[in-house]
Each structure stands twice: as structure tokens, then as C-alpha cells.
>>> print(open('query-v6.pdb').read())   # PDB, C-alpha atoms
MODEL        1
ATOM      1  CA  MET C   1       0.000   0.000   0.000
ATOM      2  CA  ALA C   2       2.857   2.342   0.873
ATOM      3  CA  ILE C   3       4.565   1.739  -2.496
ATOM      4  CA  SER C   4       1.406   2.322  -4.505
ATOM      5  CA  TYR C   5       0.634   5.477  -2.516
ATOM      6  CA  ALA C   6       4.136   6.809  -3.191
ATOM      7  CA  VAL C   7       3.830   6.002  -6.873
ATOM      8  CA  ARG C   8       0.525   7.842  -7.016
ATOM      9  CA  GLU C   9       2.015  10.840  -5.277
ATOM     10  CA  ARG C  10       4.890  11.011  -7.795
ATOM     11  CA  ALA C  11       2.472  10.600 -10.759
ATOM     12  CA  TYR C  12       0.273  13.511  -9.666
ATOM     13  CA  ALA C  13       3.092  15.650  -8.327
ATOM     14  CA  GLY C  14       3.045  17.980 -11.358
ATOM     15  CA  VAL C  15      -0.737  18.157 -11.694
ATOM     16  CA  PRO C  16      -2.300  21.196  -9.988
ATOM     17  CA  ARG C  17      -5.068  20.490  -7.549
ATOM     18  CA  ARG C  18      -8.553  21.615  -8.687
ATOM     19  CA  GLY C  19     -10.534  23.636  -6.243
ATOM     20  CA  PRO C  20     -14.356  23.842  -6.078
ATOM     21  CA  VAL C  21     -14.426  27.002  -8.219
ATOM     22  CA  THR C  22     -12.322  25.365 -10.943
ATOM     23  CA  ARG C  23     -14.532  22.273 -10.957
ATOM     24  CA  LEU C  24     -17.610  24.497 -11.144
ATOM     25  CA  LEU C  25     -16.267  26.389 -14.163
ATOM     26  CA  GLU C  26     -15.360  23.151 -15.920
ATOM     27  CA  ASP C  27     -18.985  22.024 -15.718
ATOM     28  CA  GLU C  28     -20.511  23.293 -18.994
ATOM     29  CA  ARG C  29     -23.999  23.679 -17.535
ATOM     30  CA  TRP C  30     -22.857  25.946 -14.723
ATOM     31  CA  LEU C  31     -20.476  27.815 -17.001
ATOM     32  CA  GLY C  32     -23.297  28.477 -19.494
ATOM     33  CA  ALA C  33     -25.577  29.716 -16.717
ATOM     34  CA  LEU C  34     -22.797  31.966 -15.400
ATOM     35  CA  LEU C  35     -22.208  33.508 -18.824
ATOM     36  CA  LEU C  36     -25.937  34.141 -19.247
ATOM     37  CA  LEU C  37     -26.280  35.981 -15.944
ATOM     38  CA  PRO C  38     -25.450  39.492 -17.322
ATOM     39  CA  THR C  39     -27.945  39.062 -20.156
ATOM     40  CA  ALA C  40     -30.594  37.721 -17.790
ATOM     41  CA  PHE C  41     -30.040  40.679 -15.474
ATOM     42  CA  LEU C  42     -30.444  43.200 -18.309
ATOM     43  CA  LEU C  43     -33.586  41.462 -19.605
ATOM     44  CA  ALA C  44     -35.079  41.418 -16.124
ATOM     45  CA  LEU C  45     -34.224  45.071 -15.512
ATOM     46  CA  PHE C  46     -35.293  46.596 -18.829
ATOM     47  CA  ILE C  47     -38.000  44.197 -20.076
ATOM     48  CA  ALA C  48     -39.447  42.015 -17.338
ATOM     49  CA  TYR C  49     -39.670  44.710 -14.643
ATOM     50  CA  PRO C  50     -41.329  47.382 -16.875
ATOM     51  CA  PHE C  51     -43.772  44.775 -18.190
ATOM     52  CA  VAL C  52     -44.761  43.574 -14.716
ATOM     53  CA  LYS C  53     -44.973  47.176 -13.496
ATOM     54  CA  GLY C  54     -47.245  48.019 -16.433
ATOM     55  CA  VAL C  55     -49.527  45.080 -15.653
ATOM     56  CA  LEU C  56     -49.768  46.147 -12.009
ATOM     57  CA  LEU C  57     -50.545  49.742 -13.010
ATOM     58  CA  SER C  58     -53.227  48.679 -15.493
ATOM     59  CA  VAL C  59     -55.346  47.046 -12.768
ATOM     60  CA  THR C  60     -55.284  50.083 -10.476
ATOM     61  CA  ASP C  61     -56.514  53.670 -10.662
ATOM     62  CA  ALA C  62     -53.030  55.121 -10.186
ATOM     63  CA  ARG C  63     -52.264  58.675 -11.230
ATOM     64  CA  VAL C  64     -49.139  60.805 -11.037
ATOM     65  CA  GLY C  65     -48.354  61.179  -7.336
ATOM     66  CA  VAL C  66     -51.184  58.823  -6.303
ATOM     67  CA  PRO C  67     -50.405  55.087  -5.849
ATOM     68  CA  GLY C  68     -54.009  54.096  -6.559
ATOM     69  CA  THR C  69     -56.093  51.128  -5.492
ATOM     70  CA  PHE C  70     -56.933  47.839  -7.167
ATOM     71  CA  VAL C  71     -59.813  48.127  -9.664
ATOM     72  CA  GLY C  72     -59.431  44.877 -11.612
ATOM     73  CA  LEU C  73     -60.299  45.034 -15.296
ATOM     74  CA  GLN C  74     -62.179  48.324 -15.020
ATOM     75  CA  ASN C  75     -59.637  50.222 -17.147
ATOM     76  CA  PHE C  76     -59.838  47.642 -19.938
ATOM     77  CA  ILE C  77     -63.653  47.666 -19.872
ATOM     78  CA  ALA C  78     -63.613  51.449 -20.202
ATOM     79  CA  LEU C  79     -61.405  51.155 -23.293
ATOM     80  CA  ALA C  80     -64.060  49.087 -25.037
ATOM     81  CA  HIS C  81     -66.278  52.195 -25.045
ATOM     82  CA  ASP C  82     -63.478  54.530 -26.170
ATOM     83  CA  SER C  83     -63.934  55.379 -29.859
ATOM     84  CA  ILE C  84     -60.373  56.663 -30.222
ATOM     85  CA  PHE C  85     -58.976  53.395 -28.897
ATOM     86  CA  ARG C  86     -61.204  51.276 -31.167
ATOM     87  CA  GLU C  87     -60.050  53.134 -34.276
ATOM     88  CA  ALA C  88     -56.360  53.285 -33.330
ATOM     89  CA  THR C  89     -53.792  51.191 -35.172
ATOM     90  CA  PHE C  90     -55.993  48.602 -36.906
ATOM     91  CA  LEU C  91     -56.392  50.344 -40.276
ATOM     92  CA  TYR C  92     -52.842  51.654 -40.118
ATOM     93  CA  THR C  93     -51.343  48.232 -39.372
ATOM     94  CA  ALA C  94     -53.432  46.332 -41.922
ATOM     95  CA  VAL C  95     -52.802  48.699 -44.845
ATOM     96  CA  THR C  96     -49.094  49.180 -44.199
ATOM     97  CA  THR C  97     -48.486  45.441 -43.787
ATOM     98  CA  VAL C  98     -50.136  44.639 -47.129
ATOM     99  CA  PHE C  99     -48.220  47.328 -49.013
ATOM    100  CA  LYS C 100     -44.886  46.549 -47.361
ATOM    101  CA  LEU C 101     -45.244  42.853 -48.144
ATOM    102  CA  ALA C 102     -46.237  43.424 -51.779
ATOM    103  CA  LEU C 103     -43.589  46.061 -52.504
ATOM    104  CA  GLY C 104     -40.924  44.279 -50.474
ATOM    105  CA  LEU C 105     -41.496  40.997 -52.294
ATOM    106  CA  TRP C 106     -41.436  42.744 -55.669
ATOM    107  CA  LEU C 107     -38.184  44.525 -54.767
ATOM    108  CA  ALA C 108     -36.629  41.315 -53.418
ATOM    109  CA  LEU C 109     -37.382  39.500 -56.690
ATOM    110  CA  LEU C 110     -35.725  42.325 -58.620
ATOM    111  CA  LEU C 111     -32.650  42.376 -56.372
ATOM    112  CA  ASN C 112     -32.321  38.612 -56.704
ATOM    113  CA  ARG C 113     -31.494  38.999 -60.392
ATOM    114  CA  HIS C 114     -28.007  39.586 -61.788
ATOM    115  CA  PHE C 115     -27.363  43.120 -63.064
ATOM    116  CA  PRO C 116     -24.496  45.657 -62.967
ATOM    117  CA  GLY C 117     -24.155  47.469 -59.648
ATOM    118  CA  LYS C 118     -26.227  44.908 -57.763
ATOM    119  CA  ALA C 119     -24.225  45.237 -54.520
ATOM    120  CA  LEU C 120     -24.466  49.050 -54.545
ATOM    121  CA  THR C 121     -28.195  48.896 -55.232
ATOM    122  CA  ARG C 122     -28.761  46.537 -52.323
ATOM    123  CA  ALA C 123     -26.868  48.866 -50.004
ATOM    124  CA  PHE C 124     -28.827  51.866 -51.290
ATOM    125  CA  VAL C 125     -32.136  50.087 -50.654
ATOM    126  CA  LEU C 126     -31.277  49.836 -46.950
ATOM    127  CA  LEU C 127     -30.929  53.619 -46.508
ATOM    128  CA  PRO C 128     -34.543  54.301 -45.392
ATOM    129  CA  PHE C 129     -34.212  51.559 -42.773
ATOM    130  CA  ILE C 130     -30.863  52.612 -41.309
ATOM    131  CA  ILE C 131     -31.500  56.375 -41.175
ATOM    132  CA  PRO C 132     -32.673  57.402 -37.665
ATOM    133  CA  THR C 133     -36.464  57.444 -37.600
ATOM    134  CA  VAL C 134     -36.781  60.925 -36.131
ATOM    135  CA  LEU C 135     -34.409  62.423 -38.710
ATOM    136  CA  SER C 136     -36.158  60.883 -41.717
ATOM    137  CA  THR C 137     -39.594  61.684 -40.279
ATOM    138  CA  PHE C 138     -38.698  65.357 -39.888
ATOM    139  CA  ALA C 139     -37.728  65.371 -43.568
ATOM    140  CA  TRP C 140     -41.126  63.896 -44.454
ATOM    141  CA  LYS C 141     -42.855  66.442 -42.220
ATOM    142  CA  TRP C 142     -41.229  69.215 -44.227
ATOM    143  CA  MET C 143     -42.301  67.499 -47.461
ATOM    144  CA  PHE C 144     -45.907  67.434 -46.198
ATOM    145  CA  ASP C 145     -45.840  71.035 -44.951
ATOM    146  CA  PRO C 146     -48.733  73.004 -46.523
ATOM    147  CA  THR C 147     -46.567  76.083 -47.168
ATOM    148  CA  PHE C 148     -43.154  74.659 -48.079
ATOM    149  CA  SER C 149     -44.240  71.210 -49.265
ATOM    150  CA  VAL C 150     -42.171  69.904 -52.163
ATOM    151  CA  ILE C 151     -45.039  67.495 -52.880
ATOM    152  CA  ASN C 152     -47.516  70.351 -53.292
ATOM    153  CA  TRP C 153     -45.011  72.255 -55.440
ATOM    154  CA  THR C 154     -44.518  69.252 -57.719
ATOM    155  CA  LEU C 155     -48.247  68.605 -58.047
ATOM    156  CA  TYR C 156     -48.838  72.288 -58.762
ATOM    157  CA  LYS C 157     -46.157  72.403 -61.471
ATOM    158  CA  LEU C 158     -47.730  69.319 -63.064
ATOM    159  CA  ALA C 159     -51.099  71.128 -63.044
ATOM    160  CA  ILE C 160     -52.641  68.404 -60.884
ATOM    161  CA  ILE C 161     -53.682  70.808 -58.105
ATOM    162  CA  ASP C 162     -54.396  74.524 -58.065
ATOM    163  CA  SER C 163     -54.284  75.142 -54.302
ATOM    164  CA  ARG C 164     -52.286  73.997 -51.331
ATOM    165  CA  ILE C 165     -53.070  70.648 -49.690
ATOM    166  CA  ASN C 166     -52.815  70.460 -45.918
ATOM    167  CA  TRP C 167     -51.587  66.862 -45.766
ATOM    168  CA  LEU C 168     -51.198  66.649 -42.000
ATOM    169  CA  GLY C 169     -54.117  68.912 -41.119
ATOM    170  CA  ASP C 170     -56.892  66.824 -42.654
ATOM    171  CA  PRO C 171     -57.829  63.610 -40.753
ATOM    172  CA  GLN C 172     -58.023  61.366 -43.821
ATOM    173  CA  LEU C 173     -54.974  62.844 -45.555
ATOM    174  CA  ALA C 174     -53.000  62.641 -42.306
ATOM    175  CA  MET C 175     -53.673  58.904 -42.049
ATOM    176  CA  ILE C 176     -52.656  58.451 -45.693
ATOM    177  CA  SER C 177     -49.485  60.455 -45.041
ATOM    178  CA  ILE C 178     -48.310  58.374 -42.080
ATOM    179  CA  ILE C 179     -49.112  55.189 -44.013
ATOM    180  CA  ILE C 180     -46.920  56.399 -46.906
ATOM    181  CA  VAL C 181     -44.016  57.156 -44.556
ATOM    182  CA  ASN C 182     -44.342  53.828 -42.747
ATOM    183  CA  VAL C 183     -44.397  51.907 -46.031
ATOM    184  CA  TRP C 184     -41.356  53.851 -47.280
ATOM    185  CA  ARG C 185     -39.457  53.001 -44.119
ATOM    186  CA  GLY C 186     -40.583  49.365 -43.837
ATOM    187  CA  VAL C 187     -40.156  48.145 -47.430
ATOM    188  CA  PRO C 188     -36.335  47.769 -47.142
ATOM    189  CA  PHE C 189     -36.734  45.433 -44.152
ATOM    190  CA  TYR C 190     -39.123  43.238 -46.134
ATOM    191  CA  ALA C 191     -36.976  43.385 -49.260
ATOM    192  CA  ILE C 192     -33.686  42.414 -47.614
ATOM    193  CA  SER C 193     -35.270  39.722 -45.444
ATOM    194  CA  LEU C 194     -37.149  38.148 -48.347
ATOM    195  CA  LEU C 195     -34.049  38.450 -50.522
ATOM    196  CA  ALA C 196     -32.155  36.395 -47.936
ATOM    197  CA  GLY C 197     -34.908  33.794 -48.197
ATOM    198  CA  LEU C 198     -34.718  33.785 -51.988
ATOM    199  CA  GLN C 199     -30.971  33.188 -51.805
ATOM    200  CA  THR C 200     -31.596  29.865 -50.046
ATOM    201  CA  ILE C 201     -33.799  28.525 -52.875
ATOM    202  CA  SER C 202     -31.827  26.400 -55.319
ATOM    203  CA  PRO C 203     -31.882  27.741 -58.907
ATOM    204  CA  GLU C 204     -32.085  24.133 -60.102
ATOM    205  CA  LEU C 205     -35.716  24.004 -58.951
ATOM    206  CA  GLN C 206     -36.565  26.973 -61.154
ATOM    207  CA  GLU C 207     -34.680  25.442 -64.082
ATOM    208  CA  ALA C 208     -36.485  22.126 -63.670
ATOM    209  CA  ALA C 209     -39.862  23.881 -63.584
ATOM    210  CA  ALA C 210     -38.924  25.904 -66.698
ATOM    211  CA  ILE C 211     -37.932  22.719 -68.533
ATOM    212  CA  ASP C 212     -41.336  21.249 -67.641
ATOM    213  CA  GLY C 213     -42.963  24.220 -69.364
ATOM    214  CA  ALA C 214     -43.958  26.315 -66.324
ATOM    215  CA  ARG C 215     -44.333  30.029 -66.986
ATOM    216  CA  PRO C 216     -42.637  32.642 -64.751
ATOM    217  CA  TRP C 217     -45.724  33.288 -62.605
ATOM    218  CA  GLN C 218     -46.342  29.544 -62.305
ATOM    219  CA  ARG C 219     -42.738  28.990 -61.176
ATOM    220  CA  PHE C 220     -43.159  31.708 -58.588
ATOM    221  CA  TRP C 221     -46.511  30.459 -57.280
ATOM    222  CA  HIS C 222     -45.718  26.731 -57.180
ATOM    223  CA  VAL C 223     -41.959  26.755 -56.485
ATOM    224  CA  THR C 224     -40.711  30.045 -55.034
ATOM    225  CA  TRP C 225     -43.644  31.066 -52.860
ATOM    226  CA  PRO C 226     -44.070  27.784 -50.904
ATOM    227  CA  LEU C 227     -40.353  27.761 -50.081
ATOM    228  CA  LEU C 228     -40.375  31.456 -49.193
ATOM    229  CA  LEU C 229     -43.497  31.243 -47.012
ATOM    230  CA  PRO C 230     -41.773  30.427 -43.671
ATOM    231  CA  VAL C 231     -39.457  33.435 -44.035
ATOM    232  CA  THR C 232     -42.402  35.603 -45.082
ATOM    233  CA  MET C 233     -44.392  34.588 -41.995
ATOM    234  CA  VAL C 234     -41.533  35.542 -39.685
ATOM    235  CA  VAL C 235     -41.016  38.900 -41.436
ATOM    236  CA  VAL C 236     -44.729  39.715 -41.297
ATOM    237  CA  LEU C 237     -44.855  38.720 -37.627
ATOM    238  CA  PHE C 238     -42.022  41.068 -36.659
ATOM    239  CA  SER C 239     -43.438  43.829 -38.846
ATOM    240  CA  VAL C 240     -46.922  43.622 -37.320
ATOM    241  CA  ILE C 241     -45.532  43.759 -33.782
ATOM    242  CA  GLN C 242     -43.301  46.709 -34.689
ATOM    243  CA  THR C 243     -46.148  48.545 -36.432
ATOM    244  CA  PHE C 244     -48.491  48.090 -33.475
ATOM    245  CA  ALA C 245     -45.802  49.581 -31.239
ATOM    246  CA  ASP C 246     -44.872  52.402 -33.643
ATOM    247  CA  PHE C 247     -44.407  55.708 -31.842
ATOM    248  CA  GLN C 248     -41.686  57.971 -33.201
ATOM    249  CA  LEU C 249     -43.031  58.242 -36.734
ATOM    250  CA  VAL C 250     -46.591  59.195 -35.761
ATOM    251  CA  TYR C 251     -45.562  61.349 -32.815
ATOM    252  CA  VAL C 252     -43.220  63.486 -34.947
ATOM    253  CA  LEU C 253     -45.579  63.793 -37.920
ATOM    254  CA  THR C 254     -48.968  64.367 -36.283
ATOM    255  CA  GLY C 255     -48.751  63.684 -32.553
ATOM    256  CA  GLY C 256     -51.894  61.594 -32.979
ATOM    257  CA  GLY C 257     -53.888  64.438 -34.548
ATOM    258  CA  PRO C 258     -55.663  66.114 -36.111
ATOM    259  CA  ALA C 259     -58.642  65.477 -33.821
ATOM    260  CA  ASN C 260     -57.081  62.178 -32.630
ATOM    261  CA  ALA C 261     -57.410  60.750 -36.144
ATOM    262  CA  THR C 262     -53.955  59.159 -36.355
ATOM    263  CA  HIS C 263     -53.483  57.787 -32.862
ATOM    264  CA  LEU C 264     -51.805  54.427 -32.421
ATOM    265  CA  PHE C 265     -51.721  52.481 -29.184
ATOM    266  CA  ALA C 266     -48.286  53.866 -28.329
ATOM    267  CA  THR C 267     -49.137  57.525 -28.973
ATOM    268  CA  TYR C 268     -52.551  57.236 -27.303
ATOM    269  CA  ALA C 269     -51.007  55.573 -24.258
ATOM    270  CA  TYR C 270     -48.403  58.336 -24.103
ATOM    271  CA  GLN C 271     -51.057  61.046 -24.359
ATOM    272  CA  ILE C 272     -53.151  59.537 -21.572
ATOM    273  CA  GLY C 273     -50.380  58.284 -19.308
ATOM    274  CA  VAL C 274     -47.880  61.133 -19.641
ATOM    275  CA  GLY C 275     -49.937  63.996 -21.033
ATOM    276  CA  THR C 276     -52.817  63.760 -18.559
ATOM    277  CA  GLY C 277     -51.070  61.818 -15.784
ATOM    278  CA  LEU C 278     -53.511  58.879 -15.796
ATOM    279  CA  LEU C 279     -50.840  56.208 -15.465
ATOM    280  CA  SER C 280     -53.210  53.274 -15.013
ATOM    281  CA  GLU C 281     -55.289  54.068 -18.096
ATOM    282  CA  GLY C 282     -52.165  54.646 -20.173
ATOM    283  CA  ALA C 283     -50.795  51.269 -19.072
ATOM    284  CA  ALA C 284     -54.122  49.636 -19.960
ATOM    285  CA  VAL C 285     -53.959  51.067 -23.485
ATOM    286  CA  SER C 286     -50.419  49.750 -23.902
ATOM    287  CA  LEU C 287     -51.349  46.247 -22.742
ATOM    288  CA  ALA C 288     -54.766  45.958 -24.365
ATOM    289  CA  MET C 289     -53.441  44.284 -27.510
ATOM    290  CA  PHE C 290     -50.950  42.030 -25.738
ATOM    291  CA  PRO C 291     -53.278  38.962 -25.576
ATOM    292  CA  ALA C 292     -54.196  39.302 -29.258
ATOM    293  CA  LEU C 293     -50.583  39.717 -30.312
ATOM    294  CA  LEU C 294     -49.580  36.754 -28.149
ATOM    295  CA  VAL C 295     -52.159  34.574 -29.895
ATOM    296  CA  VAL C 296     -50.951  35.774 -33.307
ATOM    297  CA  VAL C 297     -47.348  34.964 -32.378
ATOM    298  CA  ILE C 298     -48.214  31.473 -31.131
ATOM    299  CA  VAL C 299     -50.365  30.646 -34.173
ATOM    300  CA  GLN C 300     -47.740  31.849 -36.640
ATOM    301  CA  LEU C 301     -44.915  30.034 -34.883
ATOM    302  CA  LEU C 302     -46.924  26.794 -34.844
ATOM    303  CA  TYR C 303     -47.707  27.247 -38.536
ATOM    304  CA  ILE C 304     -44.051  27.917 -39.356
ATOM    305  CA  ARG C 305     -43.004  24.826 -37.431
ATOM    306  CA  ARG C 306     -45.555  22.684 -39.258
ATOM    307  CA  VAL C 307     -44.388  24.018 -42.638
ATOM    308  CA  GLU C 308     -40.740  23.329 -41.796
ATOM    309  CA  ILE C 309     -41.537  19.772 -40.666
ATOM    310  CA  HIS C 310     -43.371  18.976 -43.888
TER     311      HIS C 310
ENDMDL
END
>>> encode(input="query-v6.pdb", output="C-alpha cells")
Amino acid sequence: MAISYAVRERAYAGVPRRGPVTRLLEDERWLGALLLLPTAFLLALFIAYPFVKGVLLSVTDARVGVPGTFVGLQNFIALAHDSIFREATFLYTAVTTVFKLALGLWLALLLNRHFPGKALTRAFVLLPFIIPTVLSTFAWKWMFDPTFSVINWTLYKLAIIDSRINWLGDPQLAMISIIIVNVWRGVPFYAISLLAGLQTISPELQEAAAIDGARPWQRFWHVTWPLLLPVTMVVVLFSVIQTFADFQLVYVLTGGGPANATHLFATYAYQIGVGTGLLSEGAAVSLAMFPALLVVVIVQLLYIRRVEIH
């Protein structure tokens, strides 16, 4: 026993002893959890805490300087009778999503072709998306200005109008204006994302369909579109969520006006919660669409998973 113990001592003489901390770091599960701690802390601080705080505010009658008492779903029931809330966002989100998808898909199909200056064109297409929203929106606000509007000047020179158009002062024209700006800003995101999806489709499939006599629109509908659908669903999902939560664009252009005609959930919540100090009602407006959006996310993710499996 003494000889074997001595042999063991000599064999491990040059090997450093591992302490509990070293053994803990060598365990991949604990090491992964340790590396995720900073991210988890930031998510809890900037996402989880504000969300929970918003939920707690929405079920009280809190105001600025007043903690409030529990009122249950009273704030949400009151929103059902609020005409401004019922009209907010739905038309804006539906119309912009349709136009962004159609124009983005069309642009992606064009960018997927081979032509001189393709790389430069792709980079140029991203400009509306990478320019700060406030900066580009201020430029659009000047373009829609009734006195200095370059749009009015162009239409006047083309003899299409004979008087100034107050784009942001008329309720219907204001909604059309913010839809135009949102589509202009969102099309590059659709185009680049769908272009990435098109790049994953093998050209051999298109060639085989062409050899079989399929026309271009038939090749798109029966070959390209089914393979592009999972990417399209993800892009539409992110776009819908982002459009519902849009704030900067509408706030800079119209502030929700005129006569509350262009309010979205974000701007309406800001007006009620910050402008009037009704924190609980503002939180209720912000969270009112959360269940519907959650259902949309779950349904789309299940559909995407089923498409990928098949």
C-alpha cells in the first residue's frame, strides 16, 4: 500500500489540484448559466420589470403622485367604449403590412437577379431603414408642410392641383401620409429579409420547372412562394408587432392628430399616461393588444413549425 501510494504521489506531483471554483467552471452547464447571468439581469431590468410594473398599473386607478387602489379590469372595460382606442392602429397596421409585403417581395425578386451594380443597389435600398427614424420623419414632415411642401409644389407644377393641400391637417390625408411614410421606411426590411430567403432557394428548382414548361408566374406560385413562405411569416410577424408599437413616426408627424385621427396604441397611451397623468389608463392602453398579439405569435410560430416539418 505504501509503495502504490508513493507512486501515485509522484504521478500527480506535477498536476495542480482543482478547487471547487475550478470544478464548477469546468462544468458546462454551470459555465453556461454563469455567462448568461449578465444578459438575464439586463432582460429582467429593462424588459421584465417594466412589463410587470405596467400590468400592475393597469389594474389600479393610479395617477401621477397617487399610488391608486386595485380596480381589476375596469380600465380595460372602459377602453371598449373609447372610440379613439377602437379606431387606433388597426387600419394603419393592416394597410401598411399589405403594401410593405407586396412592394418588399417585388423589390426582393428584382434584387435577386443579376445586373451591374447589384451590390451598390442593395446597399442603397437599406438607406430608409438605417437612417434614424426621427431624422427621416422630420424630412417627411417638411415634405408634407402646406406652405413649403415639395409634394404640393410638384403637383402644382404638373397642373394636378391649383391650391395647397394640408396633408397633416386633414384627418383622412394625415392617415394616408403616415401610411406612406411607414411603407417607405418598412419596405427595405421586407426586401432584404425576403431576398435572404430567396438566396436559399436552389436555382435548379426553377430550371427544372422551366424545362417542364412552367411560366414565370407559375414557377413563382408553385416553387418560389411555398419555399419562401416560412421566411415571409416571420417577417410579417415582426413587422406587425413593430407597427403596433410604432411611436416615433406618428408622434413626430402628427402627434396623434388632427382630432385624434392618427393615434396608435403607443401615442394614445403616451397622451393619456404622460400627457394627462392617468398612469393606469395609459398602461391599460399599452397592454390591451398584448393577448391578441400573443395569440398571433403562437399561431404563426406553430404554422411555421408545421411548414418546416413537412
>>> closest_residue(input="query-v6.pdb", among="C:Ile180, C:Ala159, C:Val285, C:Val187", to="Asp82 in chain C", atoms="only C-alpha atoms")
C:Val285
>>> resolve_selection(input="query-v6.pdb", expression="the PyMOL selection byres ((chain C and resi 59) around 7)", output="ChimeraX atom specification")
/C:55-58,60,70-73,75,280
>>> residues_around(input="query-v6.pdb", residues="Phe99 in chain C", least_positions_apart="3", cutoff="12 Å", atoms="all atoms listed in the file", output="PDB file with C-alpha atoms, in the coordinates of the input")
ATOM      1  CA  TYR C  92     -52.842  51.654 -40.118  1.00  0.00           C
ATOM      2  CA  THR C  93     -51.343  48.232 -39.372  1.00  0.00           C
ATOM      3  CA  ALA C  94     -53.432  46.332 -41.922  1.00  0.00           C
ATOM      4  CA  VAL C  95     -52.802  48.699 -44.845  1.00  0.00           C
ATOM      5  CA  THR C  96     -49.094  49.180 -44.199  1.00  0.00           C
ATOM      6  CA  ALA C 102     -46.237  43.424 -51.779  1.00  0.00           C
ATOM      7  CA  LEU C 103     -43.589  46.061 -52.504  1.00  0.00           C
ATOM      8  CA  GLY C 104     -40.924  44.279 -50.474  1.00  0.00           C
ATOM      9  CA  LEU C 105     -41.496  40.997 -52.294  1.00  0.00           C
ATOM     10  CA  TRP C 106     -41.436  42.744 -55.669  1.00  0.00           C
ATOM     11  CA  LEU C 107     -38.184  44.525 -54.767  1.00  0.00           C
ATOM     12  CA  ILE C 179     -49.112  55.189 -44.013  1.00  0.00           C
ATOM     13  CA  ILE C 180     -46.920  56.399 -46.906  1.00  0.00           C
ATOM     14  CA  VAL C 181     -44.016  57.156 -44.556  1.00  0.00           C
ATOM     15  CA  ASN C 182     -44.342  53.828 -42.747  1.00  0.00           C
ATOM     16  CA  VAL C 183     -44.397  51.907 -46.031  1.00  0.00           C
ATOM     17  CA  TRP C 184     -41.356  53.851 -47.280  1.00  0.00           C
ATOM     18  CA  ARG C 185     -39.457  53.001 -44.119  1.00  0.00           C
ATOM     19  CA  GLY C 186     -40.583  49.365 -43.837  1.00  0.00           C
ATOM     20  CA  VAL C 187     -40.156  48.145 -47.430  1.00  0.00           C
ATOM     21  CA  TYR C 190     -39.123  43.238 -46.134  1.00  0.00           C
ATOM     22  CA  ALA C 191     -36.976  43.385 -49.260  1.00  0.00           C
ATOM     23  CA  VAL C 236     -44.729  39.715 -41.297  1.00  0.00           C
ATOM     24  CA  SER C 239     -43.438  43.829 -38.846  1.00  0.00           C
TER      25      SER C 239
END
>>> atom_distance(input="query-v6.pdb", atom1="CA of Leu287 in chain C", atom2="CA of His263 in chain C")
15.5 Å
>>> atom_distance(input="query-v6.pdb", atom1="CA of Gly256 in chain C", atom2="CA of Thr243 in chain C")
14.7 Å
>>> closest_residue(input="query-v6.pdb", among="C:Phe46, C:Arg305, C:Ala292, C:Ala284", to="Gln74 in chain C", atoms="all atoms listed in the file")
C:Ala284
>>> residues_near_point(input="query-v6.pdb", point="(-32.6, 36.6, -45.3)", cutoff="12 Å", atoms="only C-alpha atoms", output="JSON, numbers by chain")
{"C": [108, 112, 188, 189, 190, 191, 192, 193, 194, 195, 196, 197, 198, 199, 200, 201, 228, 230, 231, 232, 234, 235]}
>>> closest_residue(input="query-v6.pdb", among="C:Pro67, C:Pro226, C:Pro50, C:Pro171", to="Leu279 in chain C", atoms="all atoms listed in the file")
C:Pro67
>>> residues_around(input="query-v6.pdb", residues="Leu293 in chain C", least_positions_apart="3", cutoff="12 Å", atoms="all atoms listed in the file", output="list in words")
Leu237, Phe238, Ser239, Val240, Ile241, Gln242, Thr243, Phe244, Ala245, Ser286, Leu287, Ala288, Met289, Phe290, Val296, Val297, Ile298, Val299 and Gln300 of chain C
>>> write_last_selection(input="query-v6.pdb", atoms="C-alpha atoms", output="PDB file, keeping the file's coordinate frame")
ATOM      1  CA  LEU C 237     -44.855  38.720 -37.627  1.00  0.00           C
ATOM      2  CA  PHE C 238     -42.022  41.068 -36.659  1.00  0.00           C
ATOM      3  CA  SER C 239     -43.438  43.829 -38.846  1.00  0.00           C
ATOM      4  CA  VAL C 240     -46.922  43.622 -37.320  1.00  0.00           C
ATOM      5  CA  ILE C 241     -45.532  43.759 -33.782  1.00  0.00           C
ATOM      6  CA  GLN C 242     -43.301  46.709 -34.689  1.00  0.00           C
ATOM      7  CA  THR C 243     -46.148  48.545 -36.432  1.00  0.00           C
ATOM      8  CA  PHE C 244     -48.491  48.090 -33.475  1.00  0.00           C
ATOM      9  CA  ALA C 245     -45.802  49.581 -31.239  1.00  0.00           C
ATOM     10  CA  SER C 286     -50.419  49.750 -23.902  1.00  0.00           C
ATOM     11  CA  LEU C 287     -51.349  46.247 -22.742  1.00  0.00           C
ATOM     12  CA  ALA C 288     -54.766  45.958 -24.365  1.00  0.00           C
ATOM     13  CA  MET C 289     -53.441  44.284 -27.510  1.00  0.00           C
ATOM     14  CA  PHE C 290     -50.950  42.030 -25.738  1.00  0.00           C
ATOM     15  CA  VAL C 296     -50.951  35.774 -33.307  1.00  0.00           C
ATOM     16  CA  VAL C 297     -47.348  34.964 -32.378  1.00  0.00           C
ATOM     17  CA  ILE C 298     -48.214  31.473 -31.131  1.00  0.00           C
ATOM     18  CA  VAL C 299     -50.365  30.646 -34.173  1.00  0.00           C
ATOM     19  CA  GLN C 300     -47.740  31.849 -36.640  1.00  0.00           C
TER      20      GLN C 300
END
>>> atom_distance(input="query-v6.pdb", atom1="CA of Leu253 in chain C", atom2="CA of Phe85 in chain C")
19.2 Å
>>> closest_residue(input="query-v6.pdb", among="C:Gly282, C:Pro38, C:Gly54, C:Gly169", to="Thr254 in chain C", atoms="all atoms listed in the file")
C:Gly169
>>> decode(input="query-v6.pdb", residues="range 40-57 of chain C", atoms="C-alpha atoms", output="PDB file, in the first residue's frame")
ATOM      1  CA  ALA C  40     -30.594  37.721 -17.790  1.00  0.00           C
ATOM      2  CA  PHE C  41     -30.040  40.679 -15.474  1.00  0.00           C
ATOM      3  CA  LEU C  42     -30.444  43.200 -18.309  1.00  0.00           C
ATOM      4  CA  LEU C  43     -33.586  41.462 -19.605  1.00  0.00           C
ATOM      5  CA  ALA C  44     -35.079  41.418 -16.124  1.00  0.00           C
ATOM      6  CA  LEU C  45     -34.224  45.071 -15.512  1.00  0.00           C
ATOM      7  CA  PHE C  46     -35.293  46.596 -18.829  1.00  0.00           C
ATOM      8  CA  ILE C  47     -38.000  44.197 -20.076  1.00  0.00           C
ATOM      9  CA  ALA C  48     -39.447  42.015 -17.338  1.00  0.00           C
ATOM     10  CA  TYR C  49     -39.670  44.710 -14.643  1.00  0.00           C
ATOM     11  CA  PRO C  50     -41.329  47.382 -16.875  1.00  0.00           C
ATOM     12  CA  PHE C  51     -43.772  44.775 -18.190  1.00  0.00           C
ATOM     13  CA  VAL C  52     -44.761  43.574 -14.716  1.00  0.00           C
ATOM     14  CA  LYS C  53     -44.973  47.176 -13.496  1.00  0.00           C
ATOM     15  CA  GLY C  54     -47.245  48.019 -16.433  1.00  0.00           C
ATOM     16  CA  VAL C  55     -49.527  45.080 -15.653  1.00  0.00           C
ATOM     17  CA  LEU C  56     -49.768  46.147 -12.009  1.00  0.00           C
ATOM     18  CA  LEU C  57     -50.545  49.742 -13.010  1.00  0.00           C
TER      19      LEU C  57
END
